[in-house]
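Right, one structure below, let's go through it.
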Protein chains: 2
Amino acid sequence: MAAATGLTRATVSALVDDLVAGGLLTELDPPPRTGAGRPAVGLALSAAGPAGLGFEINIDYLAACVVDLTGTVRQRFVEYADQRPSGAGDSLAALGRLAARARLAAEADGLTVAGAALAVPGLVAGGGLVRVAPNLGWQDVDAPEMLRSVPELADLPISVDNEANLAALGELRAATKETQETSPTFLYVSGEIGIGAGLVLDGELYRGVRGWSGEIGHVTVFPDGRPCRCGARGCLEQYAGQEALAGDEPLAASALGIALAAVVNLLDVPVIVLGGAYAPLFAELRPGIEEELGRRVLTSGLAPVVLRPAALGADAAMRGAADTVIRAVRDDPAAWLRR
Amino acid sequence: MAAATGLTRATVSALVDDLVAGGLLTELDPPPRTGAGRPAVGLALSAAGPAGLGFEINIDYLAACVVDLTGTVRQRFVEYADQRPSGAGDSLAALGRLAARARLAAEADGLTVAGAALAVPGLVAGGGLVRVAPNLGWQDVDAPEMLRSVPELADLPISVDNEANLAALGELRAATKETQETSPTFLYVSGEIGIGAGLVLDGELYRGVRGWSGEIGHVTVFPDGRPCRCGARGCLEQYAGQEALAGDEPLAASALGIALAAVVNLLDVPVIVLGGAYAPLFAELRPGIEEELGRRVLTSGLAPVVLRPAALGADAAMRGAADTVIRAVRDDPAAWLRR
DNA sequence: TGGATTTGTTTATTGGTTGAATTATTTGCC
DNA sequence: GGCAAATAATTCAACCAATAAACAAATCCA
């Protein structure tokens, strides 16, 4: 570690001692074999320290999970039920109960939940206010406030973010764990009734100046095409949204390919992850998308764009939500130790 | 400054002393009036310290300039001549002579040129190799190597970058100076024979993983439209490139608007700057572009996209190039003091 | 078993920041 | 004109985190 950071061994020792004492790191009991010389003490993120509570509310399910520092899912609760008739109050109350169960189970397991984050399929303003979630029928819902009224969650900092953004973060965590790459760049595309995207640039989610990035569903594919509920014509959503997919649409893959080619031409994104309803359809969609990418991406001859399905499936958003909590601890461990 | 940085006045004093001694800052002679109490010593970036040498090679001109720490252009040389028949060797030799004149004039004026950067209308690989500059007829030209063979430039670090990227940096500098905003987000679009773009996110140029970002000219506008030299159909370049503009094209503004709407939907970019050949045509292009943006950007009802012409005109790229040198000094002044 | 090798700890030292006190220079009021 | 209040800059001892170098510990290999 000293070699990797440029600090002296003494400094690293002092810092590591603090982190071990604070429960963020643990020393591995069978020390790793390192060859000649005194064996190094193995270090790993602690599985007993702070944890993140992530939850998601979507059209047909509620879900909550607790993820520890190592990225392992320690608790996972899913409740399938159509949320559209419920209204925000009932949905959030039910989600609160689910989350409370997850938290209690995790703390019985020795974890300390450091915070919570909620994924919603809609536009979220700063402060966690859900501006509008069209498919849930929500408008201006103060989700953190309502969740905090559950006694078991009252003391937690609760943040809210868009489902596609958090799913992208979930996939980011999965990708950095899988490959060794520390700061990958990719676009996560979530096909639901609408189409959202989360853009990860150099290992960081790019939310846009006002948090309105990722609206790939309203990128124009056919300028004079079908009218969209947004008022424009030819939006991607009309050709590759869930309704279009259900209607045996030959245009879905091609339309996606055209829109994704624009993203790659603009941003030089080397990897595209297909999630939501696209994940199970990956095999069928792939050829059509790749054909358009190959044709329309200027640099496709130099390096082809990699296309893959979401590694976490439907859990991506909830896992990403939990990960935002973990990430906050990891980014400033001293703040956690001072608490 | 102590209040702004959170450091103590003692610390700020010590650091400022170093910067003044090193010629990076100067104390203002008539101290600014601050009200009651002992007047503060005014500080400003030194106009006599390190400076950046920026140059540009384009189809019909060569240009070089020297910009000081304050952002003021201290020397500016432009030589109009068609570079297409010249070949890379002759063009770079002529540019080298121009740059040498600029440097000597600047140093006679008390400046120390800290480095140089070159803007080219083409794809640049890491290390400054110009992969391809289609409109100059260049292929795999080691521009830094050839420029360093000019004796007056031999000792300078020379970098090379794409014209649109550097022009975006030039506009960034102009925008931060104009408004107080420290890290603006905008897209700079350069209309030349091809169409390039430089994307500035939160005050930083985003080059893409492999440096291939900004290829907005090959974003699809009409999927089954005109064939493009890149092999695809319906690329923006075919409708809003310089040739299309010259041909009295009613589609140029609308096509641009469609492509720009995609950028805004994806990235939530609040400002778009039109440069290159678009700058003088701004008034004509604006209504058509704004119409499409209003229609196709999902959040245009919440906050309209701001459209403006390039503040620096044709000098943007060269100024941006010089600014990269200045920026390096500003980002790590200690390195400059240690030199 | 002993030397080579690598890791971890101890120790005095250093360099940069802090905090409090001090000095300097103005404005505004009587 | 003089004095108080306000603000800025400097000085200096104390502190803290990181360093460097020496030392101790634990392994491998001959």
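By convention in this document, the chains of the structure tokens carry letters A, B, ... by their order, each chain's residues are numbered from 1, and ligands are numbered from 1 in the order they are shown.
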
Give me every helix (DSSP H, G or I) residue in region 44-278 of chain B, going by DSSP on the backbone, as a PyMOL selection string.
chain B and resi 88-108+143-148+151-153+163-178+216-218+237-240+242-246+252-267

Report as a PyMOL selection string the set of chain B residues whose atoms approach chain A to within 9 Å, with distances computed over only C-alpha atoms.
chain B and resi 184-185+197+199+201-202+206-223+230-233+235+258-259+261-270+295-299

Could the residues in this selection be saved with C-alpha atoms as a short mmCIF file (atom, residue, chain, number, x, y, z; two decimals), in the first residue's frame?
```cif
data_model
loop_
_atom_site.label_atom_id
_atom_site.label_comp_id
_atom_site.auth_asym_id
_atom_site.auth_seq_id
_atom_site.Cartn_x
_atom_site.Cartn_y
_atom_site.Cartn_z
CA PRO B 184 -19.69 26.40 -16.67
CA THR B 185 -21.11 23.58 -18.75
CA ALA B 197 -17.75 19.87 -31.06
CA LEU B 199 -17.85 19.48 -24.67
CA LEU B 201 -18.69 19.71 -18.35
CA ASP B 202 -18.42 21.56 -15.06
CA TYR B 206 -14.44 16.10 -21.73
CA ARG B 207 -12.29 14.39 -24.34
CA GLY B 208 -13.71 10.89 -24.10
CA VAL B 209 -11.95 7.70 -23.09
CA ARG B 210 -9.89 7.55 -26.27
CA GLY B 211 -10.08 11.23 -27.11
CA TRP B 212 -12.71 10.71 -29.78
CA SER B 213 -15.55 12.69 -28.31
CA GLY B 214 -17.27 15.57 -30.07
CA GLU B 215 -18.01 13.94 -33.42
CA ILE B 216 -21.37 15.65 -33.65
CA GLY B 217 -21.02 15.90 -37.42
CA HIS B 218 -21.82 12.21 -37.67
CA VAL B 219 -24.81 12.15 -35.41
CA THR B 220 -27.72 10.79 -37.41
CA VAL B 221 -30.38 13.36 -38.20
CA PHE B 222 -32.30 11.58 -40.96
CA PRO B 223 -31.77 7.81 -40.72
CA CYS B 230 -18.20 8.23 -43.49
CA GLY B 231 -20.36 5.52 -45.01
CA ALA B 232 -23.50 6.18 -43.01
CA ARG B 233 -26.65 7.99 -44.08
CA CYS B 235 -25.28 12.52 -40.80
CA ILE B 258 -32.33 18.11 -33.96
CA ALA B 259 -28.77 17.01 -33.21
CA ALA B 261 -31.59 18.57 -28.86
CA ALA B 262 -30.15 15.08 -28.54
CA VAL B 263 -27.10 16.48 -26.76
CA VAL B 264 -29.25 18.46 -24.34
CA ASN B 265 -31.58 15.55 -23.61
CA LEU B 266 -28.61 13.32 -22.88
CA LEU B 267 -26.40 15.70 -20.95
CA ASP B 268 -28.58 18.53 -19.67
CA VAL B 269 -26.23 21.06 -21.23
CA PRO B 270 -27.67 24.53 -20.55
CA ARG B 295 -39.94 21.18 -29.45
CA ARG B 296 -37.54 18.30 -28.84
CA VAL B 297 -35.81 19.00 -25.52
CA LEU B 298 -37.86 17.35 -22.79
CA THR B 299 -37.03 19.97 -20.17
#
```

Any idea which chain C residues end up within 9 Å of chain A if we count only C-alpha atoms (C1' of nucleotides), as a PyMOL selection string please?
chain C and resi 4-9

Got time to write the residues from that selection, C-alpha atoms (C1' of nucleotides), as an mmCIF file, in the first residue's frame?
```cif
data_model
loop_
_atom_site.group_PDB
_atom_site.id
_atom_site.type_symbol
_atom_site.label_atom_id
_atom_site.label_comp_id
_atom_site.auth_asym_id
_atom_site.auth_seq_id
_atom_site.Cartn_x
_atom_site.Cartn_y
_atom_site.Cartn_z
ATOM 1 C "C1'" DA C 4 18.806 -12.654 2.612
ATOM 2 C "C1'" DT C 5 14.506 -10.587 2.203
ATOM 3 C "C1'" DT C 6 10.451 -8.332 3.216
ATOM 4 C "C1'" DT C 7 7.224 -6.275 6.545
ATOM 5 C "C1'" DG C 8 5.976 -3.597 10.499
ATOM 6 C "C1'" DT C 9 7.211 -0.429 14.358
#
```

If you run DSSP on the backbone here, which positions in region 31-137 of chain A get strand (DSSP E or B)? Please write them as a ChimeraX atom specification.
/A:43-45,50-58,61-68,73-80,112-120,123-124,129-133

Could you write those residues out with C-alpha atoms, as a PDB file, in the first residue's frame?
```pdb
ATOM      1  CA  LEU A  43      -6.361  -6.267   4.832  1.00  0.00           C
ATOM      2  CA  ALA A  44      -9.950  -6.307   3.617  1.00  0.00           C
ATOM      3  CA  LEU A  45     -12.958  -4.059   3.904  1.00  0.00           C
ATOM      4  CA  PRO A  50     -21.139   0.539   8.209  1.00  0.00           C
ATOM      5  CA  ALA A  51     -23.677  -0.571   5.638  1.00  0.00           C
ATOM      6  CA  GLY A  52     -25.995   1.101   3.139  1.00  0.00           C
ATOM      7  CA  LEU A  53     -29.745   0.732   2.974  1.00  0.00           C
ATOM      8  CA  GLY A  54     -31.038   0.897  -0.572  1.00  0.00           C
ATOM      9  CA  PHE A  55     -34.619   0.769  -1.718  1.00  0.00           C
ATOM     10  CA  GLU A  56     -36.626   1.077  -4.854  1.00  0.00           C
ATOM     11  CA  ILE A  57     -40.213   1.803  -5.656  1.00  0.00           C
ATOM     12  CA  ASN A  58     -41.358   0.808  -9.099  1.00  0.00           C
ATOM     13  CA  TYR A  61     -42.800  -3.905  -6.859  1.00  0.00           C
ATOM     14  CA  LEU A  62     -41.196  -2.477  -3.754  1.00  0.00           C
ATOM     15  CA  ALA A  63     -37.712  -3.576  -2.772  1.00  0.00           C
ATOM     16  CA  ALA A  64     -35.156  -2.926  -0.055  1.00  0.00           C
ATOM     17  CA  CYS A  65     -31.679  -4.249   0.572  1.00  0.00           C
ATOM     18  CA  VAL A  66     -28.725  -3.752   2.871  1.00  0.00           C
ATOM     19  CA  VAL A  67     -25.251  -3.857   1.373  1.00  0.00           C
ATOM     20  CA  ASP A  68     -22.074  -3.927   3.455  1.00  0.00           C
ATOM     21  CA  VAL A  73     -25.936  -7.916  -0.225  1.00  0.00           C
ATOM     22  CA  ARG A  74     -26.716  -8.835   3.380  1.00  0.00           C
ATOM     23  CA  GLN A  75     -30.479  -8.395   3.355  1.00  0.00           C
ATOM     24  CA  ARG A  76     -32.902  -8.357   0.459  1.00  0.00           C
ATOM     25  CA  PHE A  77     -36.676  -7.931   0.579  1.00  0.00           C
ATOM     26  CA  VAL A  78     -38.959  -7.661  -2.427  1.00  0.00           C
ATOM     27  CA  GLU A  79     -42.718  -7.200  -2.392  1.00  0.00           C
ATOM     28  CA  TYR A  80     -44.552  -7.559  -5.676  1.00  0.00           C
ATOM     29  CA  THR A 112     -24.521  -0.343  11.367  1.00  0.00           C
ATOM     30  CA  VAL A 113     -26.703   1.237   8.705  1.00  0.00           C
ATOM     31  CA  ALA A 114     -25.065   4.551   7.832  1.00  0.00           C
ATOM     32  CA  GLY A 115     -27.747   5.944   5.573  1.00  0.00           C
ATOM     33  CA  ALA A 116     -30.387   5.186   2.989  1.00  0.00           C
ATOM     34  CA  ALA A 117     -31.143   5.993  -0.632  1.00  0.00           C
ATOM     35  CA  LEU A 118     -34.295   5.533  -2.671  1.00  0.00           C
ATOM     36  CA  ALA A 119     -34.631   4.856  -6.396  1.00  0.00           C
ATOM     37  CA  VAL A 120     -37.750   6.142  -8.143  1.00  0.00           C
ATOM     38  CA  LEU A 123     -37.477  13.235 -12.133  1.00  0.00           C
ATOM     39  CA  VAL A 124     -35.962  14.124  -8.779  1.00  0.00           C
ATOM     40  CA  LEU A 129     -38.341  15.991  -3.850  1.00  0.00           C
ATOM     41  CA  VAL A 130     -39.854  13.763  -6.543  1.00  0.00           C
ATOM     42  CA  ARG A 131     -40.947  16.304  -9.128  1.00  0.00           C
ATOM     43  CA  VAL A 132     -42.856  13.870 -11.278  1.00  0.00           C
ATOM     44  CA  ALA A 133     -42.973  10.085 -11.666  1.00  0.00           C
TER      45      ALA A 133
END
```

I need the chain D residues near chain B as a PyMOL selection string; criterion: at most 12 Å, counting only C-alpha atoms (C1' of nucleotides).
chain D and resi 4-12
